[in-house]
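Peer 1: Here it is, the structure, as structure tokens.
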Amino acid sequence: MLARRKRILVTGGAGFLGSHLCERLVSAGNEVLCVDNFYTGARDNLAGLLSNQQFEVIRHDITFPLYVEVDEIFNLACPASPIHYQYDPVQTTKTSVHGSINMLGLAKRIRAKILQASTSEVYGDPEIHPQDETYWGRVNPIGPRSCYDEGKRCAETLFFDYRRQHNLSIKVARIFNTYGPRMRPYDGRVISNFIVQALTNQPITIYGDGQQTRSFCYVDDLIDGLVRLMNTRDDVVGPMNLGNPAEITMLELAEMVVDLTGSRSAIEFKPLPIDDPKQRQPNIKLAKDSLGWLPSLSLRDGLDKTIAYFESLMIAQRVEATK
Ligand SMILES: NC(=O)c1ccc[n+]([C@@H]2O[C@H](COP(=O)([O-])OP(=O)(O)OC[C@H]3O[C@@H](n4cnc5c(N)ncnc54)[C@H](O)[C@@H]3O)[C@@H](O)[C@H]2O)c1
């Protein structure tokens with residue numbers, strides 16, 4: 001029997017992850033409604049979808065109510081890079097808190113299943129390593145990152161209260177650092193920073209001594225995890241870590257990017273910003289057991305694809321500048 005075509009709302013659908021998710025859902029035969037206020041997202045990210053009959057975009061800020069009819073909601077709207085979420089911290093908290101209340105209210109009215117894009121930032125600067133979902137985190141409630149971290153924590157609370165109070169079908173994914181084509185070149189995230197610096201032969205800036213570690217998941221793997229989580233039975237709710245446990249120091253990452261780009265960049269060390277976590281690595285046993293999910297692309301291969309994307313962006317910008 002053919003699966004019924006679903007109507008799916010993706011908030012933040014014009015962003016980095018959202019645009020890949022919209023593509024994946026449309027190519028699986030669904031009707032997708034993308035809602036975005038274009039704060040960090042861009043129409044260009046949706047270029048391959050705009051003429052598709054199964055795809056629609058609405059410019060809308062989710063801190064205001066929305067009335068649409070859908071079967072599922074992926075709630076991704078929220079700026080994800082520190083530069084962007086710290087630019088207007090009150091709006092960042094509103095997007096996570098008021099935005100979640102609006103999307104949960106919508107899901108309740110139309111009895112839709114709803115998934116929240118939460119984050120590893122709910123663990124803050126963790127005392128345990130790697131982090132599993134039972135860890136409650138160590139988050140500064142009043143620092144410059146708190147608008148994002150605490151906003152996302154409150155969103156998780158709201159999701160679980162809507163489930164307890166209104167029996168809503170919810171899923172909460174805790175996403176760890178993800179990278180790939182359509183990241184913004186100047187968003188201050190480490191992978192985009194290093195690639196842009198390497199491609200322009202600028203010094204590669206490492207904050208601290210470069211021994212702090214991160215783990216990076218390629219975007220296609222992450223999207224696969226989100227879709228699998230949405231398609232689980234009602235009793236699988238999370239929170240569920242989604243990320244790649246392969247850990248790398250910032251110094252090793254810088255050296256890998258220099259190697260892959262053939263750059264002449266030198267490495268430069270700068271002071272560590274406030275509240276920067278020293279280590280971040282997901283324990284993904286829960287996702288492995290309940291979704292049969294594991295990230296498959298190696299960091300080298302993923303970086304190759306990302307570097308190719310940034311190179312094409314820079315060529316397009318140079319062509320534009322000569323017009
Ligand atoms: N990329 C990662 O590594 C990562 C890690 C953890 C969690 N996440 C979460 O995944 C989601 C997507 O992240 P991303 O990397 O694609 O970021 P992004 O900034 O590229 O995308 C966010 C999108 O949300 C839109 N948006 C922001 N505020 C909005 C509002 N009030 N109303 C409507 N649209 C709004 C932006 O315009 C943008 O298109 C975010 O919720 C983020 O917190 C991402």
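All residue names refer to the structure tokens as shown: chains lettered A, B, ... in order, residues numbered from 1 in each chain, ligands numbered from 1 in order.
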Could you give me the residues within region 4-155 of chain A that DSSP places in strand (DSSP E or B), as number ranges by chain?
Peer 2: A: 7-11, 31-36, 55-59, 72-75, 113-119, 124, 131, 138
Peer 1: Fewer than 6 positions away in the same chain doesn't count, so skip those; otherwise give me all residues within 8 Å of Met103 (chain A), counting only C-alpha atoms, as number ranges by chain.
Peer 2: A: 62, 65-66, 73, 75
Peer 1: Only N, CA, C and O atoms, please: the residues just picked out, written as an mmCIF file, in the first residue's frame.
Peer 2:
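result.cif, written as the output of this step:
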```cif
data_model
loop_
_atom_site.group_PDB
_atom_site.id
_atom_site.type_symbol
_atom_site.label_atom_id
_atom_site.label_comp_id
_atom_site.auth_asym_id
_atom_site.auth_seq_id
_atom_site.Cartn_x
_atom_site.Cartn_y
_atom_site.Cartn_z
ATOM 1 N N ILE A 62 7.637 33.197 14.050
ATOM 2 C CA ILE A 62 6.861 32.251 14.880
ATOM 3 C C ILE A 62 6.591 32.763 16.296
ATOM 4 O O ILE A 62 5.918 32.080 17.070
ATOM 5 N N PRO A 65 1.235 33.985 16.453
ATOM 6 C CA PRO A 65 0.489 32.746 16.154
ATOM 7 C C PRO A 65 0.361 32.488 14.660
ATOM 8 O O PRO A 65 0.414 33.417 13.851
ATOM 9 N N LEU A 66 0.192 31.233 14.331
ATOM 10 C CA LEU A 66 0.075 30.823 12.929
ATOM 11 C C LEU A 66 -1.059 29.804 12.848
ATOM 12 O O LEU A 66 -1.171 28.933 13.717
ATOM 13 N N ILE A 73 4.912 18.878 12.385
ATOM 14 C CA ILE A 73 5.638 20.151 12.481
ATOM 15 C C ILE A 73 7.070 19.869 12.924
ATOM 16 O O ILE A 73 7.289 19.230 13.964
ATOM 17 N N ASN A 75 9.994 21.995 14.299
ATOM 18 C CA ASN A 75 10.223 23.364 14.782
ATOM 19 C C ASN A 75 11.722 23.668 14.847
ATOM 20 O O ASN A 75 12.382 23.390 15.848
#
```
Peer 1: Return as a ChimeraX atom specification the residues of protein, DNA or RNA that approach ligand 1 to within 7 Å, with only C-alpha atoms and all ligand atoms taken into account.
Peer 2: /A:11-18,35-42,60-63,76-81,95,99,117-120,174-179,183
Peer 1: Could the residues of region 115-196 of chain A that have an atom at most 7 Å from region 282-295 of chain A be listed as a Markdown table, each with its closest atom pair and the distance in Å to one decimal, counting only C-alpha atoms and ordered by chain and ascending residue number?
Peer 2:
```
| residue | atom | partner | partner_atom | distance |
| --- | --- | --- | --- | --- |
| A:Pro130 | CA | A:Pro282 | CA | 5.6 |
| A:Gln131 | CA | A:Pro282 | CA | 5.4 |
| A:Asp132 | CA | A:Asn283 | CA | 5.0 |
```
Peer 1: Output as JSON lines one row per residue of region 225-256 of chain A within 10 Å of region 297-307 of chain A: the closest atom pair and its distance in Å to one decimal place, counting only C-alpha atoms, sorted by chain and residue number ascending.
Peer 2:
```
{"residue": "A:Asn244", "atom": "CA", "partner": "A:Leu297", "partner_atom": "CA", "distance": 9.3}
{"residue": "A:Ala246", "atom": "CA", "partner": "A:Leu299", "partner_atom": "CA", "distance": 8.4}
{"residue": "A:Glu247", "atom": "CA", "partner": "A:Leu299", "partner_atom": "CA", "distance": 9.9}
{"residue": "A:Ile248", "atom": "CA", "partner": "A:Leu299", "partner_atom": "CA", "distance": 9.5}
{"residue": "A:Leu253", "atom": "CA", "partner": "A:Leu299", "partner_atom": "CA", "distance": 9.3}
{"residue": "A:Met256", "atom": "CA", "partner": "A:Arg300", "partner_atom": "CA", "distance": 7.7}
```
Peer 1: Ranking A:Val57, A:Val257, A:Leu21, A:Val237 by minimum distance to Asp221 (chain A) and counting only C-alpha atoms, which one comes first?
Peer 2: A:Leu21
Peer 1: Using only C-alpha atoms, which residue out of A:Arg59, A:Ala266, A:Arg164, A:Val172 lies closest to Leu226 (chain A)?
Peer 2: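 Residue with the minimum atom-to-atom distance to Leu226 (chain A): A:Val172.
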Peer 1: Please determine, counting only C-alpha atoms, which residue among A:Thr261, A:Gln281, A:Thr232, A:Ser19 has the shortest atom-to-atom distance to Phe216 (chain A).
Peer 2: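 That would be A:Gln281, the residue with the smallest distance to Phe216 (chain A).
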Peer 1: Using only C-alpha atoms, which residues sit within 9 Å of Leu168 (chain A) once same-chain residues fewer than 5 positions away are excluded, as a list in words?
Peer 2: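 Final neighbour list, sorted by chain and number: Leu104, Ala107, Lys108, Arg111, Ala112, Lys113, Ile114, Phe159, Phe160, Tyr162 and Arg163 of chain A.
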Peer 1: Looking at A:Cys34, A:Ala47, A:Ala155, A:Met240, which one is nearest to Lys94 (chain A), with distances taken over only C-alpha atoms?
Peer 2: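 When distances to Lys94 (chain A) are compared using only C-alpha atoms, the smallest one comes from A:Ala155.
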Peer 1: Measuring atom to atom with only C-alpha atoms, identify which of A:Ser263, A:Asn231, A:Gln165, A:Gln212 is nearest to Thr249 (chain A).
Peer 2: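 That would be A:Gln212, the residue with the smallest distance to Thr249 (chain A).
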Peer 1: Check the smallest atom-to-atom distance from each of A:Leu50, A:Leu313, A:Leu272, A:Leu106 to Gly210 (chain A) using only C-alpha atoms, then report the winner.
Peer 2: A:Leu272
Peer 1: Find the residues around Gln91 (chain A) up to 9 Å (only C-alpha atoms counted), leave out those fewer than 5 positions away in its own chain, and share them as an NGL selection string.
Peer 2: :A and (63 or 85 or 96 or 147)
Peer 1: Do you have the CA of Thr93 (chain A)-CA of Arg280 (chain A) distance handy?
Peer 2: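 One can read the CA of Thr93 (chain A) to CA of Arg280 (chain A) distance as 22.8 Å.
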Peer 1: Would you give me, as a PyMOL selection string, the residues in region 85-266 of chain A that DSSP reads as alpha helix (DSSP H)?
Peer 2: chain A and resi 85-87+89-110+146-166+190-199+219-230+250-261
Peer 1: Which residues come within 9 Å of Val26 (chain A), counting only C-alpha atoms, excluding same-chain residues fewer than 3 positions away, as a tab-separated table (two decimals) with all heavy atoms, in the first residue's frame?
Peer 2:
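After the write, around_22.tsv holds the following:
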```tsv
chain	number	residue	atom	x	y	z
A	21	LEU	N	16.32	19.87	5.21
A	21	LEU	CA	15.18	19.06	5.67
A	21	LEU	C	14.02	19.19	4.68
A	21	LEU	O	13.40	18.19	4.30
A	21	LEU	CB	14.76	19.50	7.07
A	21	LEU	CG	13.54	18.81	7.66
A	21	LEU	CD1	13.77	17.30	7.82
A	21	LEU	CD2	13.17	19.41	9.03
A	22	CYS	N	13.73	20.44	4.24
A	22	CYS	CA	12.63	20.63	3.27
A	22	CYS	C	12.90	19.80	2.01
A	22	CYS	O	11.99	19.13	1.50
A	22	CYS	CB	12.51	22.11	2.89
A	22	CYS	SG	11.84	23.14	4.21
A	23	GLU	N	14.13	19.84	1.53
A	23	GLU	CA	14.46	19.07	0.31
A	23	GLU	C	14.21	17.58	0.53
A	23	GLU	O	13.63	16.90	-0.30
A	23	GLU	CB	15.93	19.27	-0.06
A	23	GLU	CG	16.15	20.55	-0.83
A	23	GLU	CD	17.62	20.86	-1.07
A	23	GLU	OE1	18.50	20.11	-0.62
A	23	GLU	OE2	17.87	21.89	-1.72
A	29	GLY	N	8.17	12.79	-1.24
A	29	GLY	CA	6.79	12.82	-1.73
A	29	GLY	C	5.83	13.60	-0.86
A	29	GLY	O	4.62	13.56	-1.09
A	30	ASN	N	6.34	14.32	0.15
A	30	ASN	CA	5.43	15.07	1.04
A	30	ASN	C	5.17	16.48	0.51
A	30	ASN	O	5.93	17.00	-0.30
A	30	ASN	CB	6.07	15.19	2.42
A	30	ASN	CG	6.35	13.83	3.01
A	30	ASN	OD1	5.44	13.08	3.33
A	30	ASN	ND2	7.62	13.48	3.13
A	31	GLU	N	4.10	17.10	1.04
A	31	GLU	CA	3.86	18.52	0.78
A	31	GLU	C	4.50	19.29	1.92
A	31	GLU	O	4.22	18.99	3.09
A	31	GLU	CB	2.37	18.83	0.78
A	31	GLU	CG	1.70	18.46	-0.52
A	31	GLU	CD	0.20	18.65	-0.43
A	31	GLU	OE1	-0.25	19.54	0.33
A	31	GLU	OE2	-0.49	17.88	-1.09
A	32	VAL	N	5.34	20.26	1.60
A	32	VAL	CA	6.07	20.95	2.66
A	32	VAL	C	5.76	22.44	2.65
A	32	VAL	O	5.79	23.10	1.62
A	32	VAL	CB	7.59	20.71	2.49
A	32	VAL	CG1	8.38	21.55	3.50
A	32	VAL	CG2	7.92	19.23	2.68
A	49	LEU	N	13.78	24.40	-4.69
A	49	LEU	CA	12.44	23.97	-4.29
A	49	LEU	C	11.34	24.92	-4.73
A	49	LEU	O	10.17	24.54	-4.81
A	49	LEU	CB	12.37	23.87	-2.75
A	49	LEU	CG	13.08	22.70	-2.10
A	49	LEU	CD1	13.11	22.89	-0.59
A	49	LEU	CD2	12.38	21.39	-2.44
A	52	ASN	N	8.73	23.97	-7.15
A	52	ASN	CA	8.10	22.66	-6.93
A	52	ASN	C	6.67	22.85	-6.38
A	52	ASN	O	6.47	23.56	-5.40
A	52	ASN	CB	8.96	21.86	-5.94
A	52	ASN	CG	8.58	20.40	-5.91
A	52	ASN	OD1	7.41	20.06	-5.79
A	52	ASN	ND2	9.58	19.55	-6.03
A	54	GLN	N	4.92	20.91	-4.72
A	54	GLN	CA	4.73	20.34	-3.37
A	54	GLN	C	5.31	21.22	-2.28
A	54	GLN	O	5.30	20.85	-1.11
A	54	GLN	CB	5.40	18.96	-3.29
A	54	GLN	CG	4.65	17.87	-3.99
A	54	GLN	CD	5.55	16.67	-4.17
A	54	GLN	OE1	5.75	16.21	-5.29
A	54	GLN	NE2	6.10	16.16	-3.08
A	55	PHE	N	5.84	22.39	-2.69
A	55	PHE	CA	6.56	23.22	-1.73
A	55	PHE	C	5.99	24.64	-1.70
A	55	PHE	O	5.66	25.21	-2.73
A	55	PHE	CB	8.04	23.26	-2.11
A	55	PHE	CG	8.86	24.06	-1.15
A	55	PHE	CD1	9.17	23.57	0.10
A	55	PHE	CD2	9.31	25.34	-1.48
A	55	PHE	CE1	9.91	24.31	1.00
A	55	PHE	CE2	10.05	26.09	-0.59
A	55	PHE	CZ	10.35	25.58	0.66
```
Peer 1: In Å, rounded to a single decimal, give me how far CA of Val227 (chain A) is from CA of Leu25 (chain A).
Peer 2: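 Computing the Euclidean distance for CA of Leu25 (chain A) and CA of Val227 (chain A) yields 8.3 Å.
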Peer 1: Could you jot down the CA of Lys6 (chain A) to CA of Phe74 (chain A) separation for me, Å, one decimal place?
Peer 2: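 Computing the Euclidean distance for CA of Lys6 (chain A) and CA of Phe74 (chain A) yields 12.7 Å.
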